[in-house]
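Structure below is data_10.txt: compact mmCIF, C-alpha atoms.
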# COMPACT_ATOMS: atom_id res chain seq x y z
CA MET A 1412 46.44 87.62 112.68
CA LYS A 1413 49.21 87.90 110.10
CA ARG A 1414 51.74 86.85 112.73
CA ILE A 1415 49.65 83.78 113.61
CA LEU A 1416 49.34 82.79 109.96
CA PHE A 1417 53.07 83.32 109.45
CA ALA A 1418 53.86 81.14 112.47
CA LEU A 1419 51.52 78.42 111.21
CA ALA A 1420 53.17 78.58 107.80
CA LEU A 1421 56.58 78.11 109.39
CA CYS A 1422 55.27 75.10 111.28
CA PHE A 1423 53.99 73.50 108.11
CA ILE A 1424 57.27 74.23 106.34
CA ALA A 1425 59.26 72.77 109.23
CA THR A 1426 57.07 69.68 109.29
CA GLY A 1427 57.55 69.21 105.58
CA VAL A 1428 61.30 69.61 105.87
CA MET A 1429 61.49 67.12 108.73
CA ALA A 1430 59.49 64.56 106.75
CA GLN A 1431 61.66 65.03 103.69
CA ASP A 1432 64.83 64.85 105.77
CA LYS A 1433 63.82 61.44 107.06
CA LYS A 1434 63.22 60.19 103.55
CA THR A 1435 66.56 61.51 102.33
CA ASP A 1436 68.54 60.82 105.53
CA TRP A 1437 71.32 58.82 103.88
CA ALA A 1438 73.12 58.00 107.13
CA GLN A 1439 69.84 57.33 108.98
CA PHE A 1440 70.55 59.66 111.88
CA TYR A 1441 66.84 59.38 112.72
CA ARG A 1442 67.13 55.64 113.45
CA TYR A 1443 68.45 56.11 117.00
CA GLU A 1444 67.62 59.78 117.51
CA LYS A 1445 64.96 59.11 120.17
CA ALA A 1446 66.96 56.35 121.88
CA ASN A 1447 70.04 58.58 121.97
CA ALA A 1448 68.09 61.47 123.50
CA GLU A 1449 66.63 59.19 126.16
CA LEU A 1450 70.01 57.69 127.00
CA ILE A 1451 71.62 61.12 127.35
CA ALA A 1452 68.72 62.38 129.48
CA SER A 1453 69.10 59.39 131.81
CA GLY A 1454 72.67 60.41 132.58
CA LYS A 1455 73.70 56.77 132.26
CA ARG A 1456 77.05 56.03 130.68
CA PRO A 1457 77.09 52.73 128.75
CA ASP A 1458 80.02 50.41 129.20
CA VAL A 1459 80.11 49.60 125.51
CA VAL A 1460 78.48 50.76 122.29
CA PHE A 1461 78.32 48.22 119.46
CA MET A 1462 78.56 50.01 116.11
CA GLY A 1463 77.68 48.07 112.99
CA ASN A 1464 75.22 46.92 110.39
CA SER A 1465 72.43 44.31 110.38
CA ILE A 1466 74.61 41.77 112.17
CA THR A 1467 74.92 44.15 115.12
CA GLN A 1468 71.30 45.29 114.86
CA ARG A 1469 70.03 41.70 114.98
CA TRP A 1470 72.37 40.88 117.84
CA ALA A 1471 70.91 43.60 120.05
CA GLY A 1472 67.39 42.66 118.96
CA MET A 1473 67.76 38.93 119.53
CA GLN A 1474 69.78 39.19 122.73
CA PRO A 1475 68.39 42.18 124.69
CA ASP A 1476 69.20 40.51 128.03
CA PHE A 1477 72.87 40.20 127.09
CA PHE A 1478 73.03 43.90 126.28
CA LYS A 1479 71.01 45.02 129.29
CA GLU A 1480 72.89 42.85 131.78
CA HIS A 1481 76.27 44.25 130.76
CA ASN A 1482 75.20 47.87 130.15
CA PHE A 1483 75.79 47.55 126.40
CA VAL A 1484 74.13 49.69 123.73
CA GLY A 1485 73.48 48.48 120.19
CA ARG A 1486 73.79 50.92 117.31
CA GLY A 1487 73.61 48.69 114.26
CA ILE A 1488 71.63 49.59 111.14
CA SER A 1489 70.81 47.04 108.47
CA GLY A 1490 72.44 47.57 105.11
CA GLN A 1491 74.86 50.28 106.21
CA THR A 1492 78.33 50.82 104.84
CA THR A 1493 81.36 52.16 106.68
CA ALA A 1494 80.79 55.63 105.22
CA GLN A 1495 77.29 55.78 106.71
CA MET A 1496 78.54 54.55 110.07
CA LEU A 1497 81.27 57.15 110.06
CA CYS A 1498 78.69 59.89 109.44
CA ARG A 1499 76.62 58.88 112.48
CA PHE A 1500 79.52 57.94 114.74
CA ARG A 1501 79.29 61.16 116.75
CA PRO A 1502 75.58 61.00 117.79
CA ASP A 1503 75.46 57.20 118.07
CA VAL A 1504 78.77 56.62 119.87
CA LEU A 1505 80.72 59.69 120.99
CA ALA A 1506 77.70 61.42 122.51
CA HIS A 1507 77.37 58.60 125.06
CA ASN A 1508 81.03 58.58 126.16
CA PRO A 1509 81.18 54.78 126.53
CA LYS A 1510 84.20 53.04 128.01
CA CYS A 1511 84.63 51.12 124.76
CA VAL A 1512 83.22 50.84 121.25
CA VAL A 1513 83.04 47.55 119.34
CA ILE A 1514 83.23 48.29 115.61
CA MET A 1515 82.15 45.62 113.13
CA ALA A 1516 81.88 47.05 109.64
CA GLY A 1517 82.59 46.32 106.00
CA THR A 1518 80.10 43.65 104.93
CA ASN A 1519 77.89 46.06 102.98
CA ASP A 1520 80.87 47.81 101.43
CA VAL A 1521 81.95 44.47 99.95
CA ALA A 1522 78.32 44.02 98.82
CA GLU A 1523 78.59 47.43 97.07
CA ASN A 1524 75.38 48.67 98.70
CA ASN A 1525 76.39 52.23 97.85
CA GLY A 1526 78.45 51.35 94.79
CA TYR A 1527 81.98 50.08 94.42
CA ILE A 1528 84.54 51.09 97.05
CA SER A 1529 88.15 49.90 97.27
CA HIS A 1530 89.39 47.92 100.26
CA GLU A 1531 91.76 50.77 101.07
CA ASN A 1532 88.91 53.26 101.33
CA ILE A 1533 86.82 50.87 103.41
CA LEU A 1534 89.78 50.64 105.76
CA ASN A 1535 90.14 54.44 105.78
CA ASN A 1536 86.54 54.83 106.95
CA ILE A 1537 87.12 52.30 109.71
CA ILE A 1538 90.36 54.02 110.73
CA SER A 1539 88.51 57.32 111.00
CA MET A 1540 85.99 55.78 113.40
CA VAL A 1541 88.79 54.33 115.51
CA GLN A 1542 90.62 57.64 115.63
CA LEU A 1543 87.46 59.53 116.60
CA ALA A 1544 86.95 57.13 119.48
CA GLN A 1545 90.56 57.36 120.62
CA ALA A 1546 90.49 61.16 120.47
CA ASN A 1547 87.62 61.00 122.96
CA ASP A 1548 89.36 58.52 125.29
CA ILE A 1549 87.13 55.64 124.23
CA LYS A 1550 88.81 52.26 123.94
CA VAL A 1551 88.28 50.31 120.73
CA ILE A 1552 87.73 46.70 119.76
CA LEU A 1553 88.01 46.39 115.99
CA CYS A 1554 86.29 43.30 114.62
CA SER A 1555 86.98 41.33 111.50
CA VAL A 1556 84.28 41.29 108.86
CA PRO A 1557 82.33 38.07 109.49
CA PRO A 1558 82.35 35.48 106.71
CA THR A 1559 79.82 35.46 103.88
CA SER A 1560 79.90 33.24 100.82
CA VAL A 1561 76.73 34.59 99.19
CA PHE A 1562 74.86 37.88 99.46
CA SER A 1563 71.16 37.10 99.03
CA TRP A 1564 70.68 40.60 97.61
CA ARG A 1565 73.81 40.54 95.37
CA ARG A 1566 74.18 37.00 94.08
CA ASP A 1567 76.42 38.20 91.24
CA LEU A 1568 79.23 38.88 93.74
CA LYS A 1569 81.61 36.39 95.33
CA PRO A 1570 82.34 37.98 98.72
CA GLY A 1571 84.22 35.18 100.47
CA PRO A 1572 87.76 35.88 99.17
CA ALA A 1573 87.19 39.65 99.15
CA ILE A 1574 86.30 39.59 102.86
CA VAL A 1575 89.44 37.57 103.61
CA GLU A 1576 91.58 40.18 101.85
CA LEU A 1577 89.82 43.07 103.59
CA ASN A 1578 90.34 41.42 106.97
CA LYS A 1579 94.05 41.11 106.27
CA LEU A 1580 94.21 44.89 105.81
CA ILE A 1581 92.17 45.57 108.95
CA LYS A 1582 94.28 43.22 111.07
CA ALA A 1583 97.57 44.60 109.74
CA TRP A 1584 96.52 48.15 110.57
CA ALA A 1585 95.19 47.15 114.00
CA ASP A 1586 98.39 45.28 114.86
CA GLU A 1587 100.57 48.16 113.68
CA ASN A 1588 98.58 50.68 115.71
CA LYS A 1589 98.07 48.49 118.79
CA VAL A 1590 94.29 48.35 118.47
CA TYR A 1591 92.62 45.17 119.73
CA TYR A 1592 91.57 43.05 116.73
CA LEU A 1593 88.74 40.60 117.33
CA ASP A 1594 88.88 37.83 114.75
CA TYR A 1595 85.37 36.49 114.33
CA HIS A 1596 86.10 35.24 110.83
CA SER A 1597 88.48 32.43 111.80
CA SER A 1598 85.98 31.03 114.28
CA LEU A 1599 82.98 31.25 111.97
CA ALA A 1600 84.00 30.55 108.37
CA ASP A 1601 83.21 27.22 106.72
CA GLU A 1602 85.02 25.62 103.77
CA VAL A 1603 83.43 28.02 101.28
CA LEU A 1604 84.14 31.10 103.42
CA GLY A 1605 80.59 31.63 104.60
CA LEU A 1606 78.67 31.00 107.80
CA PRO A 1607 77.76 27.29 108.03
CA LYS A 1608 74.12 26.23 107.94
CA LYS A 1609 74.04 25.51 111.66
CA TRP A 1610 74.74 29.17 112.35
CA SER A 1611 72.93 30.94 109.50
CA ASN A 1612 70.11 30.64 106.98
CA ASP A 1613 71.84 32.75 104.35
CA THR A 1614 75.63 32.37 104.95
CA CYS A 1615 75.71 36.00 106.14
CA HIS A 1616 73.52 36.67 109.18
CA PRO A 1617 74.23 34.76 112.41
CA ASN A 1618 71.42 32.98 114.22
CA LEU A 1619 70.89 32.97 117.98
CA GLU A 1620 73.12 29.95 118.54
CA CYS A 1621 75.97 31.64 116.66
CA TYR A 1622 75.66 34.82 118.70
CA ARG A 1623 75.47 33.01 122.00
CA THR A 1624 77.97 30.19 121.55
CA VAL A 1625 80.65 31.89 119.44
CA MET A 1626 80.38 35.66 119.19
CA GLU A 1627 79.41 36.50 122.76
CA PRO A 1628 82.21 34.47 124.37
CA LEU A 1629 84.71 36.07 121.99
CA VAL A 1630 83.56 39.65 122.58
CA CYS A 1631 83.39 39.12 126.36
CA GLU A 1632 86.94 37.79 126.34
CA ALA A 1633 88.05 40.83 124.34
CA LEU A 1634 86.27 43.30 126.62
CA ASN A 1635 87.76 41.72 129.73
CA LYS A 1636 91.23 42.16 128.23
CA VAL A 1637 90.66 45.72 127.01
CA LEU A 1638 88.68 47.15 129.94
CA LYS A 1639 90.18 44.99 132.70
CA PRO A 1640 87.12 44.97 135.00
CA SER A 1641 87.30 43.53 138.49
CA LYS A 1642 86.68 39.79 138.92
CA LYS A 1643 83.18 40.53 140.18
CA LYS A 1644 82.35 42.59 137.11
CA GLN A 1645 83.76 40.35 134.40
CA TYR A 1646 81.78 40.27 131.16
CA LYS A 1647 80.26 36.84 130.60
CA PRO A 1648 78.08 35.35 127.86
CA ILE A 1649 74.62 34.12 128.72
CA PRO A 1650 74.63 30.29 128.75
CA TYR A 1651 72.95 28.81 125.71
CA GLU A 1652 70.66 25.77 125.77
CA ALA A 1653 69.78 24.38 122.39
CA LYS A 1654 66.08 23.68 121.89
Here is the file; what I need is its structure written in the form of structure tokens.
Amino acid sequence: MKRILFALALCFIATGVMAQDKKTDWAQFYRYEKANAELIASGKRPDVVFMGNSITQRWAGMQPDFFKEHNFVGRGISGQTTAQMLCRFRPDVLAHNPKCVVIMAGTNDVAENNGYISHENILNNIISMVQLAQANDIKVILCSVPPTSVFSWRRDLKPGPAIVELNKLIKAWADENKVYYLDYHSSLADEVLGLPKKWSNDTCHPNLECYRTVMEPLVCEALNKVLKPSKKKQYKPIPYEAK
């Protein structure tokens, strides 16, 4: 009887710990824990994992057919900084051994979601993700930080110029280290260094038209250059018809 009670006590303790872990899970490992386990159990190797924040999360959510058709996996989490992405890079990317990872990170660092961080340290976190991928023979596409002129949750900041300067550092490092740099910013920024109204409601988060007419063609072009698939297996955006 004592053994049974002891076992039950351990179960309750474990349950309590698990619940508390989820509440205090700074990197949000739990967010894709089930999806990761299912993907590994399937034995299916994704072509590409997209690592990022809300922009990546929304992309996968709004365009599931694009991801499914090309064997892509989305691993974006809203609000996350580069430090959080770096923490979960192993279970959310490396564990799946994709052919390539598309990294788009830095928006929430500029927004100071976890406090102030210098551009150099943002870059260092990104570099660490790239190097982890390369050490595991995973090709990398390193994206610019998309434009934002106003953070709806941090209106006291002026992110436009800061993002431009951060992108200069990312591109310089990518060029020096022969990592493919995908420049979304130049194709998306308006005159005030944000996303224009036709592509966003808040200058920060792309809408469906933006994903489909600008970002998907650009990432498909990049993937075709980096992965060099056969002509029959070229990555192509899904045609967009405005409503």
Nearest-residue call for A:Arg1499, choices A:Ile1581, A:Met1540, A:Val1551, A:Val1556, using all atoms listed in the file:
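Among the listed residues, the smallest separation from A:Arg1499 belongs to A:Met1540.
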List the neighbours of A:Met1626 out to 9 Å using only C-alpha atoms; skip same-chain residues closer than 3 positions along the sequence, and give me the result as JSON, numbers by chain.
{"A": [1595, 1598, 1599, 1621, 1622, 1623, 1629, 1630, 1631, 1648]}
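Closest to A:Ile1514 among A:Arg1486, A:Lys1642, A:Lys1608, A:Arg1442 is A:Arg1486, based on only C-alpha atoms.
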Select, from A:Leu1593, A:Lys1582, A:Ile1649, A:Asp1567, the residue with the minimum atom-to-atom distance to A:Glu1620, counting only C-alpha atoms.
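The shortest atom-to-atom distance to A:Glu1620 comes from A:Ile1649.
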Can you tell me how far atom CA of A:Gln1542 sits from atom CA of A:Ile1451, in Å to one decimal?
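Value for the atom CA of A:Gln1542-atom CA of A:Ile1451 distance: 22.6 Å.
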Counting all atoms listed in the file, the residue among A:Ser1465, A:Ser1539, A:Gln1545, A:Ser1560 that lies closest to A:Leu1604 is A:Ser1560
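Restricting the calculation to all atoms listed in the file, the smallest distance between A:Asn1532 and any of A:Leu1505, A:Leu1580, A:Ile1574, A:Cys1511 is found for A:Leu1580.
Straight-line separation from atom CA of A:Pro1558 to atom CA of A:Phe1461: 18.5 Å.
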Tell me which protein, DNA and RNA residues are within 7 Å of A:Gly1487, counting only C-alpha atoms, leaving out same-chain ones fewer than 2 positions away, and put them as a list in words.
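After dropping sequence-adjacent residues, the list is Met1462, Gly1463, Asn1464, Ser1465, Thr1467, Gln1468, Gly1485 and Ser1489 of chain A.
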Identify which of the residues A:Gly1490, A:Pro1457, A:Pro1607, A:Gly1472 lies closest to A:Asn1524, counting all atoms listed in the file when measuring atom-to-atom distances.
A:Gly1490
Which protein, DNA or RNA residues have an atom at most 12 Å from (86.6, 43.8, 131.6), counting only C-alpha atoms? List them as a ChimeraX atom specification.
/A:1458-1459,1481,1510-1511,1550,1630-1647
Using all atoms listed in the file, which protein or nucleic acid residues come within 12 Å of A:Gly1454? Drop anything in the same chain fewer than 6 positions from it, and give the result as a ChimeraX atom specification.
/A:1447-1448,1506-1509
Mind pulling up the distance from atom CA of A:Leu1534 to atom CA of A:His1616?
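Separating atom CA of A:His1616 from atom CA of A:Leu1534 is a distance of 21.7 Å.
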If we count all atoms listed in the file and set the cut-off at 9 Å, which residues sit around A:Val1521, ignoring sequence neighbours fewer than 2 positions away in its own chain? Please answer as a PDB file with C-alpha atoms, in the coordinates of the input.
ATOM      1  CA  THR A1492      78.330  50.820 104.840  1.00  0.00           C
ATOM      2  CA  GLY A1517      82.590  46.320 106.000  1.00  0.00           C
ATOM      3  CA  THR A1518      80.100  43.650 104.930  1.00  0.00           C
ATOM      4  CA  ASN A1519      77.890  46.060 102.980  1.00  0.00           C
ATOM      5  CA  GLU A1523      78.590  47.430  97.070  1.00  0.00           C
ATOM      6  CA  ASN A1524      75.380  48.670  98.700  1.00  0.00           C
ATOM      7  CA  TYR A1527      81.980  50.080  94.420  1.00  0.00           C
ATOM      8  CA  ILE A1528      84.540  51.090  97.050  1.00  0.00           C
ATOM      9  CA  SER A1529      88.150  49.900  97.270  1.00  0.00           C
ATOM     10  CA  HIS A1530      89.390  47.920 100.260  1.00  0.00           C
ATOM     11  CA  ILE A1533      86.820  50.870 103.410  1.00  0.00           C
ATOM     12  CA  LEU A1568      79.230  38.880  93.740  1.00  0.00           C
ATOM     13  CA  PRO A1570      82.340  37.980  98.720  1.00  0.00           C
ATOM     14  CA  ALA A1573      87.190  39.650  99.150  1.00  0.00           C
ATOM     15  CA  ILE A1574      86.300  39.590 102.860  1.00  0.00           C
ATOM     16  CA  LEU A1577      89.820  43.070 103.590  1.00  0.00           C
TER      17      LEU A1577
END
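Using all atoms listed in the file, the residues found no farther than 6 Å from A:Val1460, other than those of its own chain fewer than 5 positions away, are Phe1483, Val1484, Gly1485 and Val1512 of chain A.
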